[in-house]
Structures are given as C-alpha cells and as structure tokens.
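Asker: This structure is in structure tokens; I'll ask about it shortly.
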Amino acid sequence: MYETLFTVFNVAVVPAWLLLIFAPGWRWTQRLVHSALMPLVLGAAYLTFLTLGIGFGQSDAEAGMTSLAAVQALFSHPVGLLTGWVHFLVFDLFVGAWIVRDARRRSVARTLVIPSLILAFAFGPTGLFLYLIGRKLTGKAGWSLDEGASTA
C-alpha cells in the first residue's frame, strides 16, 4: 500500500510540471498549477500522514519534529517517509510555479527557466539555485525575492 501511495503522489504532480515546462501561459496551467488546488490537495495528504505518524502510532513512539532524533524516528516508518516525500513534492512544485511566474514578470529566457524547472522537479533546491543565480547573472533581477522590488 505504501509503495502504491508513493507512486500515486509522484505521478499526480507530473502533469503540473509538464504544464509548467511546455505550456506555462496556458489557461489550464493557470487554473491547475498557479492556483491553490495542488498545494491544498498535497497539503491535506501531508497533514494526514503527519497526523497518522505522530498522533496515531504509525511510526516510532519518539517520532516528532523537535529534534533530529525525533525526525529520524518519524522517518523510520513508511508513513513518516510519505510525510516527508509529500512535503518535498508540494514545496518543490510551489517553487517551480513561482519560478515560472517570476520569470514571466522579469522576462527571463525560457533557456534558463526550463533547466531550472527540471532541476527543481528532480532535485528541489538546485533548480531554485540555478534560477536565482541565472536571473542575477543575466541582469534580470537582483537578490530580492520581493515581486515588487527593482532588479538592482
């Protein structure tokens, strides 16, 4: 059952990533990826797994978020691993969608956006790292993440 859930969640986010890469301006991309839909659905799954893992004994009795040992105990059970994995999926997708919106606002070239999205999908923070460094080096923005800030 846990492997099936892992696969379902992985497959569920792939269409959103494909829309970000191949159809970032399409109205269905706006409706599905740039709305609260995916974060809410994945967030509900995360909350469910976290509650099962910490509150209902679906992990080690010492499971929690207060220390490295408590997090390790949480991840000692498949429910805890699913909790962590869904956490990555929702936040990586959120960052990918932000990259697309930021790139659109700042006219960042798709040649930078697409590799950044692929890396964000596969390796999370590395995609964000590439995008932020790339937009700085191309003069499209400074270091600020404020959508209203200047590019200096």
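Going through the structure tokens in order, the chains are called A, B, and so on, while each chain numbers its residues from 1 and the ligands are numbered from 1 in the order shown.
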With a distance cut-off of 10 Å and only C-alpha atoms, select the neighbouring residues of region 11-20 of chain A, excluding the residue or stretch itself and same-chain residues fewer than 5 positions from it, and output the selection as a list of chain:residue names.
Answerer: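 The contact residues come out as A:Leu5, A:Phe6, A:Gly25, A:Trp26, A:Trp28, A:Thr29, A:Gln30, A:Leu32, A:Val33, A:His34, A:Met38, A:Leu42, A:Leu89, A:Val90, A:Asp92, A:Leu93, A:Gly96, A:Ala97, A:Ile99, A:Val100, A:Arg101, A:Val113, A:Ile114, A:Leu117, A:Ile118, A:Ala120, A:Phe121.
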Asker: Take the residues from that selection and put them in a file with N, CA and C atoms, as a compact mmCIF listing (two decimals), in the first residue's frame.
Answerer:
# COMPACT_ATOMS: atom_id res chain seq x y z
N LEU A 5 0.90 4.36 -2.75
CA LEU A 5 0.70 5.78 -2.42
C LEU A 5 1.86 6.63 -2.91
N PHE A 6 3.07 6.14 -2.73
CA PHE A 6 4.26 6.85 -3.20
C PHE A 6 4.16 7.08 -4.70
N GLY A 25 1.92 29.51 -20.03
CA GLY A 25 0.93 30.58 -20.13
C GLY A 25 -0.48 30.11 -20.44
N TRP A 26 -0.65 28.81 -20.61
CA TRP A 26 -1.96 28.27 -20.97
C TRP A 26 -2.95 28.47 -19.83
N TRP A 28 -5.22 26.56 -18.63
CA TRP A 28 -5.35 25.41 -17.72
C TRP A 28 -4.15 25.30 -16.79
N THR A 29 -3.00 25.76 -17.23
CA THR A 29 -1.84 25.83 -16.33
C THR A 29 -2.15 26.82 -15.22
N GLN A 30 -2.74 27.95 -15.60
CA GLN A 30 -3.13 28.94 -14.59
C GLN A 30 -4.12 28.36 -13.60
N LEU A 32 -4.78 25.13 -12.87
CA LEU A 32 -4.37 23.94 -12.13
C LEU A 32 -3.09 24.14 -11.31
N VAL A 33 -2.13 24.82 -11.88
CA VAL A 33 -0.82 24.90 -11.24
C VAL A 33 -0.62 26.21 -10.48
N HIS A 34 -1.16 27.29 -11.00
CA HIS A 34 -0.98 28.58 -10.35
C HIS A 34 -2.16 28.94 -9.46
N MET A 38 -3.33 22.41 -6.12
CA MET A 38 -2.30 21.40 -5.84
C MET A 38 -1.74 21.52 -4.42
N LEU A 42 -2.17 18.34 -1.91
CA LEU A 42 -0.96 17.73 -1.35
C LEU A 42 -0.81 18.07 0.13
N LEU A 89 7.30 17.19 -2.47
CA LEU A 89 6.52 17.37 -3.69
C LEU A 89 5.76 18.69 -3.70
N VAL A 90 5.10 19.02 -2.60
CA VAL A 90 4.29 20.24 -2.58
C VAL A 90 5.17 21.48 -2.62
N ASP A 92 8.38 21.72 -3.73
CA ASP A 92 9.11 21.82 -4.99
C ASP A 92 8.19 22.34 -6.10
N LEU A 93 6.96 21.84 -6.14
CA LEU A 93 6.02 22.32 -7.16
C LEU A 93 5.67 23.79 -6.92
N GLY A 96 8.55 25.68 -8.26
CA GLY A 96 8.53 25.66 -9.72
C GLY A 96 7.52 26.63 -10.29
N ALA A 97 6.33 26.67 -9.72
CA ALA A 97 5.31 27.61 -10.18
C ALA A 97 5.77 29.06 -9.93
N ILE A 99 8.88 30.09 -9.91
CA ILE A 99 9.92 30.37 -10.92
C ILE A 99 9.25 30.83 -12.22
N VAL A 100 8.22 30.12 -12.66
CA VAL A 100 7.54 30.49 -13.90
C VAL A 100 6.91 31.87 -13.80
N ARG A 101 6.25 32.16 -12.71
CA ARG A 101 5.62 33.48 -12.55
C ARG A 101 6.68 34.58 -12.48
N VAL A 113 14.77 29.06 -17.66
CA VAL A 113 13.63 28.58 -16.89
C VAL A 113 13.48 27.06 -16.99
N ILE A 114 13.55 26.52 -18.19
CA ILE A 114 13.31 25.09 -18.36
C ILE A 114 14.31 24.23 -17.59
N LEU A 117 13.45 24.42 -13.95
CA LEU A 117 12.27 23.63 -13.59
C LEU A 117 12.59 22.15 -13.51
N ILE A 118 13.35 21.66 -14.46
CA ILE A 118 13.72 20.24 -14.44
C ILE A 118 14.51 19.92 -13.18
N ALA A 120 14.42 21.65 -10.38
CA ALA A 120 13.54 21.81 -9.22
C ALA A 120 12.66 20.57 -9.04
N PHE A 121 12.22 19.99 -10.13
CA PHE A 121 11.42 18.77 -10.06
C PHE A 121 12.25 17.60 -9.53
Asker: Neighbours of Gly134 (chain A) within 10 Å (only C-alpha atoms; same-chain residues fewer than 3 positions away dropped), as a list of chain:residue names?
Answerer: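 Non-adjacent residues within range: A:Val108, A:Ala109, A:Leu112, A:Val113, A:Ser116, A:Leu128, A:Phe129, A:Leu130, A:Tyr131, A:Leu137, A:Thr138, A:Gly139, A:Lys140, A:Ala141.
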Asker: So that I can see what lies close to Ala70 (chain A), please list as a ChimeraX atom specification the residues with an atom at most 12 Å from it, counting only C-alpha atoms and leaving out residues fewer than 3 positions away in the same chain.
Answerer: /A:53-54,59-67,73-76,80
Asker: Write the residues you've just listed into a file as a compact mmCIF listing (two decimals), in the first residue's frame, and include N, CA and C atoms for each of them.
Answerer:
# COMPACT_ATOMS: atom_id res chain seq x y z
N GLY A 53 1.38 9.62 11.56
CA GLY A 53 2.72 9.29 12.03
C GLY A 53 2.99 9.72 13.46
N ILE A 54 2.58 10.92 13.80
CA ILE A 54 2.88 11.45 15.13
C ILE A 54 1.76 11.17 16.13
N SER A 59 4.28 5.35 13.46
CA SER A 59 5.74 5.49 13.42
C SER A 59 6.25 5.19 14.83
N ASP A 60 7.52 5.34 14.99
CA ASP A 60 8.15 5.14 16.29
C ASP A 60 7.51 6.05 17.34
N ALA A 61 7.44 5.59 18.56
CA ALA A 61 6.83 6.37 19.65
C ALA A 61 7.53 7.70 19.88
N GLU A 62 8.79 7.80 19.52
CA GLU A 62 9.57 9.03 19.72
C GLU A 62 9.47 9.99 18.53
N ALA A 63 8.63 9.66 17.55
CA ALA A 63 8.53 10.48 16.34
C ALA A 63 8.04 11.89 16.66
N GLY A 64 8.59 12.84 15.94
CA GLY A 64 8.20 14.23 16.12
C GLY A 64 9.05 15.13 15.26
N MET A 65 9.03 16.42 15.58
CA MET A 65 9.77 17.42 14.80
C MET A 65 10.67 18.26 15.70
N THR A 66 10.88 17.84 16.94
CA THR A 66 11.59 18.67 17.90
C THR A 66 13.09 18.44 17.93
N SER A 67 13.56 17.37 17.32
CA SER A 67 14.99 17.10 17.29
C SER A 67 15.29 16.21 16.09
N ALA A 73 13.07 9.20 13.91
CA ALA A 73 12.06 8.25 14.37
C ALA A 73 10.81 8.34 13.50
N LEU A 74 10.42 9.54 13.12
CA LEU A 74 9.27 9.71 12.24
C LEU A 74 9.51 9.01 10.91
N PHE A 75 10.71 9.18 10.37
CA PHE A 75 11.04 8.59 9.07
C PHE A 75 11.36 7.09 9.16
N SER A 76 11.29 6.52 10.33
CA SER A 76 11.58 5.08 10.48
C SER A 76 10.41 4.22 10.02
N GLY A 80 5.90 7.97 7.82
CA GLY A 80 6.79 9.11 8.02
C GLY A 80 7.53 9.47 6.75
Asker: Go through A:Phe91, A:Phe9, A:Trp98, A:Trp143 and flag the residue nearest Phe123 (chain A), using only C-alpha atoms for the distances.
Answerer: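 So, comparing all the options, the nearest one is A:Phe91.
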Asker: Taking the chain letters and numbering used in this document, name the residues of chain A that DSSP puts in alpha helix (DSSP H), as a count of residues only.
Answerer: 104
Asker: Which one is closest to Asp102 (chain A): A:Val8, A:Val79, A:Ala44, A:Leu145? Count only C-alpha atoms.
Answerer: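 Among the listed residues, the smallest separation from Asp102 (chain A) belongs to A:Leu145.
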Asker: Just the number, please: distance in Å from CA of Ala23 (chain A) to CA of Leu132 (chain A), one decimal.
Answerer: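 Computed distance, CA of Ala23 (chain A) to CA of Leu132 (chain A), equals 21.4 Å.
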Asker: Have a look at A:Phe94, A:Phe22, A:Leu50, A:Met1 and name the one nearest to Ser35 (chain A); count only C-alpha atoms.
Answerer: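 Of the candidates, the smallest distance to Ser35 (chain A) is held by A:Phe94.
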Asker: Please identify all polymer residues within 10 Å of His87 (chain A), counting only C-alpha atoms, omitting same-chain residues fewer than 6 positions from it, and present them as number ranges by chain.
Answerer: A: 39, 42-43, 45-47, 50, 81
Asker: For the selection just defined, write its residues with N, CA and C atoms to a file, as a compact mmCIF listing (two decimals), in the first residue's frame.
Answerer:
# COMPACT_ATOMS: atom_id res chain seq x y z
N PRO A 39 -1.39 22.73 -3.96
CA PRO A 39 -0.92 22.82 -2.57
C PRO A 39 -1.95 22.36 -1.55
N LEU A 42 -2.17 18.34 -1.91
CA LEU A 42 -0.96 17.73 -1.35
C LEU A 42 -0.81 18.07 0.13
N GLY A 43 -1.20 19.27 0.51
CA GLY A 43 -1.13 19.66 1.92
C GLY A 43 -2.05 18.81 2.78
N ALA A 45 -2.88 15.70 2.13
CA ALA A 45 -2.21 14.40 2.24
C ALA A 45 -1.08 14.47 3.26
N TYR A 46 -0.30 15.54 3.20
CA TYR A 46 0.78 15.73 4.16
C TYR A 46 0.25 15.75 5.59
N LEU A 47 -0.78 16.53 5.82
CA LEU A 47 -1.36 16.64 7.16
C LEU A 47 -1.89 15.28 7.64
N LEU A 50 1.20 13.12 8.46
CA LEU A 50 1.85 13.64 9.67
C LEU A 50 1.03 13.28 10.91
N LEU A 81 7.98 8.45 6.01
CA LEU A 81 8.65 8.72 4.74
C LEU A 81 7.70 9.36 3.74
Asker: What's the separation between CA of Gly55 (chain A) and CA of Thr7 (chain A), in Å to one decimal place?
Answerer: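 We find that CA of Gly55 (chain A) and CA of Thr7 (chain A) lie 24.4 Å from each other.
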Asker: So, counting only C-alpha atoms, which residue among A:Leu119, A:Ile21, A:Leu37, A:Leu82 is closest to Tyr2 (chain A)?
Answerer: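 Checking each of A:Leu119, A:Ile21, A:Leu37, A:Leu82 against Tyr2 (chain A), counting only C-alpha atoms, the winner is A:Leu82.
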Asker: Restricting the calculation to only C-alpha atoms: of A:Ser107, A:Ala36, A:Gln72, A:Phe49, which residue gets closest to Val86 (chain A)?
Answerer: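 So, comparing all the options, the nearest one is A:Phe49.
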Asker: So, counting only C-alpha atoms, which residue among A:Pro125, A:Asn10, A:Ile133, A:Gly84 is closest to Thr48 (chain A)?
Answerer: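 Of the candidates, the smallest distance to Thr48 (chain A) is held by A:Gly84.
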Asker: Could you tell me how far CA of Asp146 (chain A) sits from CA of Gly124 (chain A), in Å to one decimal place?
Answerer: 20.5 Å
